[in-house]
>>> print(open('structure.cif').read())   # mmCIF, C-alpha atoms
data_coords
loop_
_atom_site.label_atom_id
_atom_site.label_comp_id
_atom_site.auth_asym_id
_atom_site.auth_seq_id
_atom_site.Cartn_x
_atom_site.Cartn_y
_atom_site.Cartn_z
CA MET T 9 20.79 -12.13 17.11
CA VAL T 10 18.47 -11.85 14.15
CA ARG T 11 15.74 -9.26 14.54
CA ILE T 12 12.44 -10.26 12.91
CA ALA T 13 10.35 -7.18 12.16
CA LEU T 14 6.75 -6.78 11.07
CA ASP T 15 5.87 -4.72 8.00
CA PRO T 16 2.40 -3.41 8.98
CA THR T 17 1.27 -2.46 5.46
CA PRO T 18 -1.77 -4.82 5.55
CA TYR T 19 -3.11 -2.82 8.51
CA ASN T 20 -2.83 0.66 7.00
CA ASP T 21 -6.59 1.03 6.53
CA THR T 22 -7.56 -0.27 9.98
CA VAL T 23 -4.78 0.65 12.45
CA ALA T 24 -3.42 4.09 13.30
CA LEU T 25 0.30 4.75 12.98
CA THR T 26 0.77 5.20 16.73
CA ASP T 27 -0.99 1.87 17.35
CA PHE T 28 1.47 -0.11 15.22
CA PRO T 29 3.80 -0.91 18.15
CA ASP T 30 0.88 -2.41 20.12
CA LEU T 31 -0.17 -4.33 17.00
CA ALA T 32 3.31 -5.78 16.58
CA ALA T 33 3.47 -6.80 20.25
CA ARG T 34 0.03 -8.43 20.06
CA LEU T 35 1.20 -10.53 17.10
CA GLY T 36 4.33 -11.64 18.96
CA TYR T 37 6.86 -9.33 17.29
CA GLU T 38 9.55 -7.42 19.17
CA TYR T 39 10.51 -5.37 16.13
CA LEU T 40 8.70 -3.14 13.65
CA GLN T 41 9.53 -1.53 10.30
CA LEU T 42 7.51 1.60 9.52
CA THR T 43 6.28 1.63 5.93
CA PRO T 44 4.33 4.10 3.76
CA ASN T 45 1.16 5.09 5.56
CA PRO T 46 -1.05 8.21 5.41
CA ASP T 47 0.28 9.45 8.77
CA PHE T 48 3.87 8.38 8.17
CA GLY T 49 4.10 9.49 4.54
CA ARG T 50 2.90 8.05 1.24
CA HIS T 51 5.06 6.90 -1.67
CA PHE T 52 6.88 9.82 -3.32
CA HIS T 53 5.52 12.38 -0.82
CA TYR T 54 7.04 14.43 1.98
CA PRO T 55 6.82 12.77 5.43
CA LYS T 56 3.92 13.88 7.60
CA LEU T 57 5.37 13.47 11.11
CA ASP T 58 5.92 16.47 13.38
CA ASP T 59 7.78 16.58 16.70
CA ALA T 60 4.67 15.74 18.70
CA LEU T 61 3.88 12.66 16.61
CA VAL T 62 7.51 11.51 16.77
CA ALA T 63 7.44 11.80 20.57
CA THR T 64 4.14 9.90 20.78
CA LEU T 65 5.41 7.14 18.49
CA LYS T 66 8.60 6.72 20.52
CA ARG T 67 6.60 6.54 23.76
CA ARG T 68 4.11 4.02 22.34
CA ALA T 69 6.95 1.80 21.06
CA ARG T 70 8.69 1.96 24.43
CA ASP T 71 5.49 1.15 26.31
CA ALA T 72 4.78 -1.80 23.99
CA GLY T 73 8.30 -3.17 24.33
CA VAL T 74 8.76 -2.94 20.56
CA THR T 75 11.83 -1.57 18.81
CA ILE T 76 11.41 0.30 15.53
CA THR T 77 14.25 -1.15 13.47
CA SER T 78 13.87 0.78 10.24
CA LEU T 79 11.86 3.14 8.08
CA LEU T 80 10.76 2.35 4.51
CA PRO T 81 10.06 5.48 2.46
CA VAL T 82 9.99 5.23 -1.34
CA GLN T 83 11.18 8.30 -3.24
CA ARG T 84 12.07 9.04 -6.87
CA PHE T 85 15.70 9.97 -6.26
CA SER T 86 16.73 8.11 -9.43
CA TRP T 87 14.08 9.78 -11.58
CA PRO T 88 15.43 11.03 -14.91
CA GLU T 89 13.50 14.31 -14.65
CA GLU T 90 15.02 16.93 -12.36
CA PRO T 91 11.91 18.27 -10.54
CA GLN T 92 10.97 14.79 -9.29
CA ARG T 93 14.59 13.98 -8.42
CA ALA T 94 15.07 17.20 -6.44
CA ALA T 95 11.80 16.68 -4.56
CA ALA T 96 12.84 13.12 -3.72
CA VAL T 97 16.15 14.30 -2.27
CA ARG T 98 14.32 16.86 -0.14
CA ASN T 99 11.82 14.25 1.03
CA MET T 100 14.45 11.60 1.73
CA THR T 101 16.58 14.08 3.65
CA ARG T 102 13.67 14.64 6.01
CA TYR T 103 13.07 10.88 6.37
CA ILE T 104 16.72 10.38 7.31
CA GLU T 105 16.41 13.14 9.91
CA LEU T 106 13.24 11.53 11.27
CA ALA T 107 15.00 8.16 11.52
CA ALA T 108 17.66 9.80 13.67
CA GLU T 109 15.00 11.51 15.82
CA LEU T 110 13.25 8.17 16.33
CA GLY T 111 16.53 6.48 17.23
CA VAL T 112 16.25 4.28 14.14
CA PRO T 113 19.61 3.52 12.48
CA VAL T 114 18.31 2.22 9.14
CA VAL T 115 16.28 3.51 6.21
CA ASN T 116 15.34 0.93 3.57
CA THR T 117 14.13 2.01 0.14
CA GLU T 118 14.09 1.33 -3.63
CA PHE T 119 16.03 2.78 -6.56
CA SER T 120 12.86 4.22 -8.13
CA GLY T 121 14.13 5.04 -11.60
CA ARG T 122 12.87 4.01 -15.04
CA PRO T 123 14.09 0.93 -16.98
CA GLU T 124 13.45 2.53 -20.37
CA ARG T 125 15.81 5.38 -19.34
CA GLU T 126 18.46 3.35 -17.57
CA GLU T 127 21.41 5.64 -18.33
CA ASP T 128 19.60 8.81 -17.26
CA SER T 129 18.23 7.12 -14.15
CA GLU T 130 21.64 5.89 -13.06
CA ALA T 131 23.05 9.38 -13.50
CA SER T 132 20.23 10.79 -11.39
CA PHE T 133 20.87 8.15 -8.73
CA TYR T 134 24.52 9.11 -8.34
CA ARG T 135 23.63 12.81 -8.35
CA SER T 136 21.13 12.24 -5.55
CA MET T 137 23.49 10.08 -3.53
CA ALA T 138 26.13 12.82 -3.67
CA GLU T 139 23.59 14.97 -1.81
CA LEU T 140 22.23 12.29 0.54
CA ILE T 141 25.41 10.54 1.70
CA PRO T 142 26.54 13.60 3.71
CA VAL T 143 23.11 13.62 5.38
CA LEU T 144 23.46 9.92 6.24
CA GLU T 145 26.90 10.54 7.68
CA ARG T 146 25.71 13.55 9.69
CA GLU T 147 22.73 11.67 11.16
CA GLY T 148 24.47 8.31 11.64
CA VAL T 149 21.92 6.47 9.50
CA THR T 150 22.44 3.70 6.91
CA LEU T 151 20.43 3.58 3.68
CA ASN T 152 19.74 0.16 2.11
CA ILE T 153 18.33 -0.14 -1.40
CA ASP T 154 16.17 -2.80 -3.08
CA PRO T 155 16.31 -3.34 -6.87
CA HIS T 156 12.55 -3.40 -7.35
CA PRO T 157 10.83 -4.90 -10.40
CA ASP T 158 10.31 -2.17 -13.02
CA ASP T 159 13.28 -0.15 -11.77
CA PHE T 160 16.22 1.08 -13.84
CA VAL T 161 18.23 -1.79 -12.37
CA GLU T 162 16.41 -5.04 -11.53
CA ASP T 163 19.15 -7.66 -11.71
CA GLY T 164 20.56 -8.25 -8.24
CA LEU T 165 24.22 -8.42 -9.21
CA GLU T 166 24.04 -5.28 -11.33
CA ALA T 167 22.22 -3.49 -8.50
CA TRP T 168 25.03 -4.43 -6.14
CA ARG T 169 27.55 -3.04 -8.63
CA VAL T 170 25.65 0.27 -8.72
CA ILE T 171 25.66 0.44 -4.91
CA ARG T 172 29.30 -0.63 -4.69
CA GLY T 173 30.20 2.23 -7.04
CA LEU T 174 29.21 4.72 -4.33
CA ASN T 175 32.27 3.62 -2.33
CA THR T 176 30.60 4.18 1.04
CA THR T 177 29.47 1.86 3.82
CA ARG T 178 26.54 4.21 4.49
CA VAL T 179 24.59 2.59 1.61
CA GLY T 180 23.80 -1.13 1.49
CA PHE T 181 21.54 -3.71 -0.15
CA VAL T 182 18.04 -4.99 0.64
CA TYR T 183 17.43 -8.58 -0.51
CA VAL T 184 13.70 -9.00 -1.13
CA ALA T 185 12.85 -12.68 -1.53
CA ALA T 186 9.64 -11.82 -3.39
CA HIS T 187 11.81 -10.18 -6.08
CA SER T 188 14.05 -13.24 -6.49
CA PHE T 189 13.03 -14.06 -10.04
CA HIS T 190 13.49 -10.49 -11.26
CA MET T 191 16.91 -10.30 -9.56
CA GLY T 192 18.19 -13.43 -11.31
CA ASP T 193 17.30 -16.11 -8.72
CA ARG T 194 20.87 -16.57 -7.51
CA ALA T 195 20.93 -16.05 -3.76
CA ALA T 196 23.73 -18.60 -3.34
CA THR T 197 26.14 -16.55 -5.49
CA LEU T 198 24.76 -13.01 -5.01
CA LEU T 199 24.76 -12.87 -1.22
CA PRO T 200 28.48 -13.73 -0.91
CA GLU T 201 29.19 -10.91 -3.39
CA ILE T 202 27.25 -8.42 -1.24
CA GLY T 203 28.84 -9.69 1.98
CA ASP T 204 28.53 -7.44 5.00
CA ARG T 205 26.82 -4.75 2.93
CA LEU T 206 23.59 -6.74 3.11
CA GLY T 207 21.44 -4.51 5.29
CA ALA T 208 18.06 -6.25 5.36
CA VAL T 209 16.18 -9.30 4.06
CA TYR T 210 12.45 -9.23 3.32
CA ALA T 211 10.64 -12.55 3.76
CA SER T 212 7.68 -13.17 1.48
CA ASP T 213 7.14 -15.64 -1.33
CA THR T 214 6.33 -15.32 -5.02
CA PHE T 215 5.83 -17.44 -8.12
CA ASP T 216 8.57 -17.71 -10.73
CA HIS T 217 7.22 -15.76 -13.71
CA THR T 218 9.96 -17.21 -15.95
CA ARG T 219 8.69 -20.79 -15.76
CA SER T 220 6.60 -22.52 -18.43
CA ASN T 221 8.38 -20.70 -21.24
CA ALA T 222 7.60 -17.39 -19.51
CA LEU T 223 3.89 -18.13 -19.92
CA ARG T 224 3.11 -18.52 -16.22
CA TYR T 225 1.49 -15.10 -16.43
CA ILE T 226 -0.12 -13.90 -19.64
CA THR T 227 -0.78 -10.23 -20.36
CA ASN T 228 -2.52 -8.87 -23.38
CA PRO T 229 -1.39 -7.65 -25.79
CA PRO T 230 1.72 -9.86 -25.69
CA GLY T 231 4.95 -8.06 -25.03
CA ASN T 232 3.57 -5.58 -22.49
CA ALA T 233 6.35 -3.98 -20.48
CA VAL T 234 4.91 -5.19 -17.18
CA ARG T 235 6.46 -6.81 -14.12
CA VAL T 236 4.55 -9.39 -12.08
CA HIS T 237 5.35 -10.62 -8.59
CA GLN T 238 3.59 -11.31 -5.31
CA HIS T 239 4.26 -10.97 -1.59
CA LEU T 240 2.87 -14.30 -0.39
CA ALA T 241 3.31 -16.25 2.83
CA ILE T 242 6.49 -18.33 2.97
CA GLY T 243 5.89 -21.63 1.18
CA ASP T 244 3.07 -20.40 -1.06
CA GLY T 245 5.36 -19.63 -4.00
CA ASP T 246 8.55 -20.81 -5.70
CA VAL T 247 11.29 -19.20 -3.62
CA ASP T 248 13.85 -21.76 -2.43
CA TRP T 249 13.87 -20.86 1.25
CA GLU T 250 16.39 -23.51 2.22
CA GLU T 251 18.83 -22.14 -0.35
CA LEU T 252 18.23 -18.53 0.74
CA PHE T 253 18.70 -19.19 4.44
CA GLY T 254 21.59 -21.51 3.70
CA ALA T 255 23.30 -18.63 1.91
CA LEU T 256 22.47 -16.25 4.77
CA ARG T 257 23.98 -18.75 7.19
CA ALA T 258 27.08 -19.38 5.06
CA THR T 259 27.81 -15.66 4.69
CA GLY T 260 27.46 -15.08 8.44
CA TYR T 261 24.43 -12.82 8.13
CA LEU T 262 22.41 -14.83 10.67
CA ASP T 263 25.20 -14.37 13.23
CA ARG T 264 25.28 -10.59 12.96
CA GLU T 265 23.89 -8.50 15.83
CA ASP T 266 22.30 -6.10 13.34
CA ALA T 267 20.74 -8.78 11.11
CA LEU T 268 17.22 -7.76 10.10
CA ILE T 269 14.54 -9.93 8.48
CA VAL T 270 11.23 -8.23 7.70
CA SER T 271 7.98 -10.15 7.18
CA ASN T 272 6.18 -8.33 4.36
CA VAL T 273 3.22 -10.35 3.11
CA PHE T 274 0.75 -8.12 1.25
CA ALA T 275 -1.51 -10.61 -0.53
CA GLU T 276 -3.83 -11.72 2.29
CA ASP T 277 -5.03 -8.71 4.26
CA GLU T 278 -8.17 -10.58 5.25
CA ARG T 279 -5.97 -13.03 7.20
CA ALA T 280 -3.31 -10.58 8.27
CA ASP T 281 -3.15 -11.65 11.93
CA GLU T 282 -2.92 -15.35 11.07
CA ILE T 283 -0.34 -14.80 8.35
CA SER T 284 1.77 -12.46 10.50
CA ARG T 285 1.95 -15.05 13.29
CA PHE T 286 2.72 -17.82 10.81
CA GLN T 287 5.52 -15.77 9.27
CA LEU T 288 7.14 -15.17 12.64
CA THR T 289 7.11 -18.89 13.45
CA ARG T 290 8.36 -19.92 10.01
CA ILE T 291 11.19 -17.37 9.94
CA ARG T 292 12.34 -18.57 13.35
CA GLU T 293 12.36 -22.16 12.05
CA LEU T 294 14.41 -21.16 9.01
CA ILE T 295 16.90 -19.29 11.17
CA ALA T 296 17.27 -22.33 13.44
CA GLY T 297 17.96 -24.47 10.41
#
>>> encode(input="structure.cif", output="structure tokens")
Amino acid sequence: MVRIALDPTPYNDTVALTDFPDLAARLGYEYLQLTPNPDFGRHFHYPKLDDALVATLKRRARDAGVTITSLLPVQRFSWPEEPQRAAAVRNMTRYIELAAELGVPVVNTEFSGRPEREEDSEASFYRSMAELIPVLEREGVTLNIDPHPDDFVEDGLEAWRVIRGLNTTRVGFVYVAAHSFHMGDRAATLLPEIGDRLGAVYASDTFDHTRSNALRYITNPPGNAVRVHQHLAIGDGDVDWEELFGALRATGYLDREDALIVSNVFAEDERADEISRFQLTRIRELIAG
């Protein structure tokens, strides 16, 4: 059974952390991914939950009939500078412990290194993973990683090779559809390579920045080292959703009991309720084929 989870990021300014389970239920979702939020923990910062808040969040989720599937903290554990790397390991260790306390088996994240220092960032990544994998094993949690635009590894296949090099099933891959055109736009060949190490799929659309001779987006001065993508509603961009879900079906992902698809549209906060409901319906249609 595929679990379809809501990413509540569009509601961070209007809904309290402990109200997210009720929000998800009101929008028709049975599942929820917790993402960076002032009460949960901001990007690159230490988590802000204590035992009382954890207990309240668990109770509110239970009362709402909503399961928290995963946490999404973003930490600089691939940073080439040691102070930031060490802080990220400390922060991520606590997030993994919180996932276990919440009864959440999955933490999804990003590599968070620097493309201009690829070699140093990769070395930092492996150094951090040597410290974090024992924590994952101790807590019974799986960490899945997304090659995010402007990271030390952006290409999907190369990112999988980096993860594969860890030689552990405690670390897997997040396929973010909105990053398709930075990852190489090859779901049909990449997903079979990843196989059962695919831990989550994020469903939002984006335009292909490589089209029109790479002039679809223009930045000035030319040659800026920038990355452009969106998190749009399904169908509002260039992602080939039939190809993506065809690949997910062919690899058996849609038949897995732990399959997780997260709706993460960030571009239309003013229509967040409408878009969230649309996403749930559209994802169900794509799953059904």
>>> residues_near_point(input="structure.cif", point="(21.2, 3.3, 1.7)", cutoff="10 Å", atoms="only C-alpha atoms", output="PyMOL selection string")
chain T and resi 114-119+137+140-141+144+149-154+171+176-182+205+207
>>> residues_near_point(input="structure.cif", point="(7.1, 15.8, 6.9)", cutoff="9 Å", atoms="only C-alpha atoms", output="MDAnalysis selection string")
chainID T and resid 48:49 53:58 99 102:103 106
>>> resolve_selection(input="structure.cif", expression="the PyMOL selection byres ((chain T and resi 127) around 12)", output="list in words")
Ser86, Trp87, Pro88, Gly121, Arg122, Pro123, Glu124, Arg125, Glu126, Asp128, Ser129, Glu130, Ala131, Ser132, Phe133, Tyr134, Asp159, Phe160, Val161 and Val170 of chain T
>>> atom_distance(input="structure.cif", atom1="CA of Ala208 in chain T", atom2="CA of Asp266 in chain T")
9.0 Å
>>> resolve_selection(input="structure.cif", expression="the PyMOL selection byres ((chain T and resi 287) around 9)", output="list in words")
Ala211, Ser212, Ala241, Ile242, Ser271, Asn272, Val273, Glu282, Ile283, Ser284, Arg285, Phe286, Leu288, Thr289, Arg290, Ile291 and Arg292 of chain T
>>> atom_distance(input="structure.cif", atom1="CA of Val270 in chain T", atom2="CA of Arg84 in chain T")
22.6 Å
>>> residues_around(input="structure.cif", residues="Ala275 in chain T", least_positions_apart="6", cutoff="8 Å", atoms="all atoms listed in the file", output="PyMOL selection string")
chain T and resi 238-240
>>> build_atoms(input="structure.cif", residues="range 126-147 of chain T", atoms="N, CA, C and O atoms", output="tab-separated table (two decimals), in the coordinates of the input")
chain	number	residue	atom	x	y	z
T	126	GLU	N	17.49	3.88	-18.54
T	126	GLU	CA	18.46	3.35	-17.57
T	126	GLU	C	19.64	4.28	-17.37
T	126	GLU	O	20.06	4.56	-16.24
T	127	GLU	N	20.21	4.80	-18.45
T	127	GLU	CA	21.41	5.64	-18.33
T	127	GLU	C	21.09	6.93	-17.59
T	127	GLU	O	21.83	7.35	-16.68
T	128	ASP	N	19.98	7.58	-17.94
T	128	ASP	CA	19.60	8.81	-17.26
T	128	ASP	C	19.26	8.56	-15.80
T	128	ASP	O	19.58	9.38	-14.92
T	129	SER	N	18.62	7.43	-15.52
T	129	SER	CA	18.23	7.12	-14.15
T	129	SER	C	19.46	6.86	-13.29
T	129	SER	O	19.52	7.31	-12.13
T	130	GLU	N	20.44	6.13	-13.83
T	130	GLU	CA	21.64	5.89	-13.06
T	130	GLU	C	22.36	7.21	-12.76
T	130	GLU	O	22.86	7.42	-11.65
T	131	ALA	N	22.41	8.08	-13.73
T	131	ALA	CA	23.05	9.38	-13.50
T	131	ALA	C	22.33	10.16	-12.41
T	131	ALA	O	22.97	10.78	-11.55
T	132	SER	N	21.00	10.12	-12.43
T	132	SER	CA	20.23	10.79	-11.39
T	132	SER	C	20.48	10.17	-10.03
T	132	SER	O	20.57	10.86	-9.00
T	133	PHE	N	20.60	8.84	-9.99
T	133	PHE	CA	20.87	8.15	-8.73
T	133	PHE	C	22.17	8.65	-8.11
T	133	PHE	O	22.22	9.01	-6.92
T	134	TYR	N	23.24	8.68	-8.89
T	134	TYR	CA	24.52	9.11	-8.34
T	134	TYR	C	24.50	10.59	-7.95
T	134	TYR	O	25.12	11.00	-6.96
T	135	ARG	N	23.76	11.39	-8.71
T	135	ARG	CA	23.63	12.81	-8.35
T	135	ARG	C	22.93	12.95	-7.01
T	135	ARG	O	23.36	13.72	-6.14
T	136	SER	N	21.87	12.18	-6.81
T	136	SER	CA	21.13	12.24	-5.55
T	136	SER	C	21.96	11.72	-4.38
T	136	SER	O	21.94	12.29	-3.29
T	137	MET	N	22.69	10.64	-4.62
T	137	MET	CA	23.49	10.08	-3.53
T	137	MET	C	24.60	11.04	-3.10
T	137	MET	O	24.97	11.08	-1.92
T	138	ALA	N	25.13	11.83	-4.04
T	138	ALA	CA	26.13	12.82	-3.67
T	138	ALA	C	25.56	13.83	-2.68
T	138	ALA	O	26.29	14.38	-1.83
T	139	GLU	N	24.25	14.06	-2.74
T	139	GLU	CA	23.59	14.97	-1.81
T	139	GLU	C	23.17	14.27	-0.52
T	139	GLU	O	23.19	14.87	0.56
T	140	LEU	N	22.79	13.00	-0.62
T	140	LEU	CA	22.23	12.29	0.54
T	140	LEU	C	23.28	11.64	1.43
T	140	LEU	O	23.06	11.52	2.64
T	141	ILE	N	24.39	11.21	0.88
T	141	ILE	CA	25.41	10.54	1.70
T	141	ILE	C	25.91	11.45	2.82
T	141	ILE	O	26.04	10.99	3.97
T	142	PRO	N	26.17	12.74	2.58
T	142	PRO	CA	26.54	13.60	3.71
T	142	PRO	C	25.46	13.69	4.79
T	142	PRO	O	25.78	13.80	5.98
T	143	VAL	N	24.20	13.61	4.40
T	143	VAL	CA	23.11	13.62	5.38
T	143	VAL	C	23.14	12.33	6.19
T	143	VAL	O	22.99	12.34	7.42
T	144	LEU	N	23.35	11.20	5.54
T	144	LEU	CA	23.46	9.92	6.24
T	144	LEU	C	24.61	9.95	7.23
T	144	LEU	O	24.48	9.50	8.38
T	145	GLU	N	25.74	10.48	6.80
T	145	GLU	CA	26.90	10.54	7.68
T	145	GLU	C	26.64	11.46	8.87
T	145	GLU	O	27.01	11.15	10.01
T	146	ARG	N	26.00	12.59	8.61
T	146	ARG	CA	25.71	13.55	9.69
T	146	ARG	C	24.77	12.95	10.72
T	146	ARG	O	24.94	13.14	11.93
T	147	GLU	N	23.76	12.19	10.26
T	147	GLU	CA	22.73	11.67	11.16
T	147	GLU	C	23.06	10.28	11.69
T	147	GLU	O	22.33	9.77	12.55
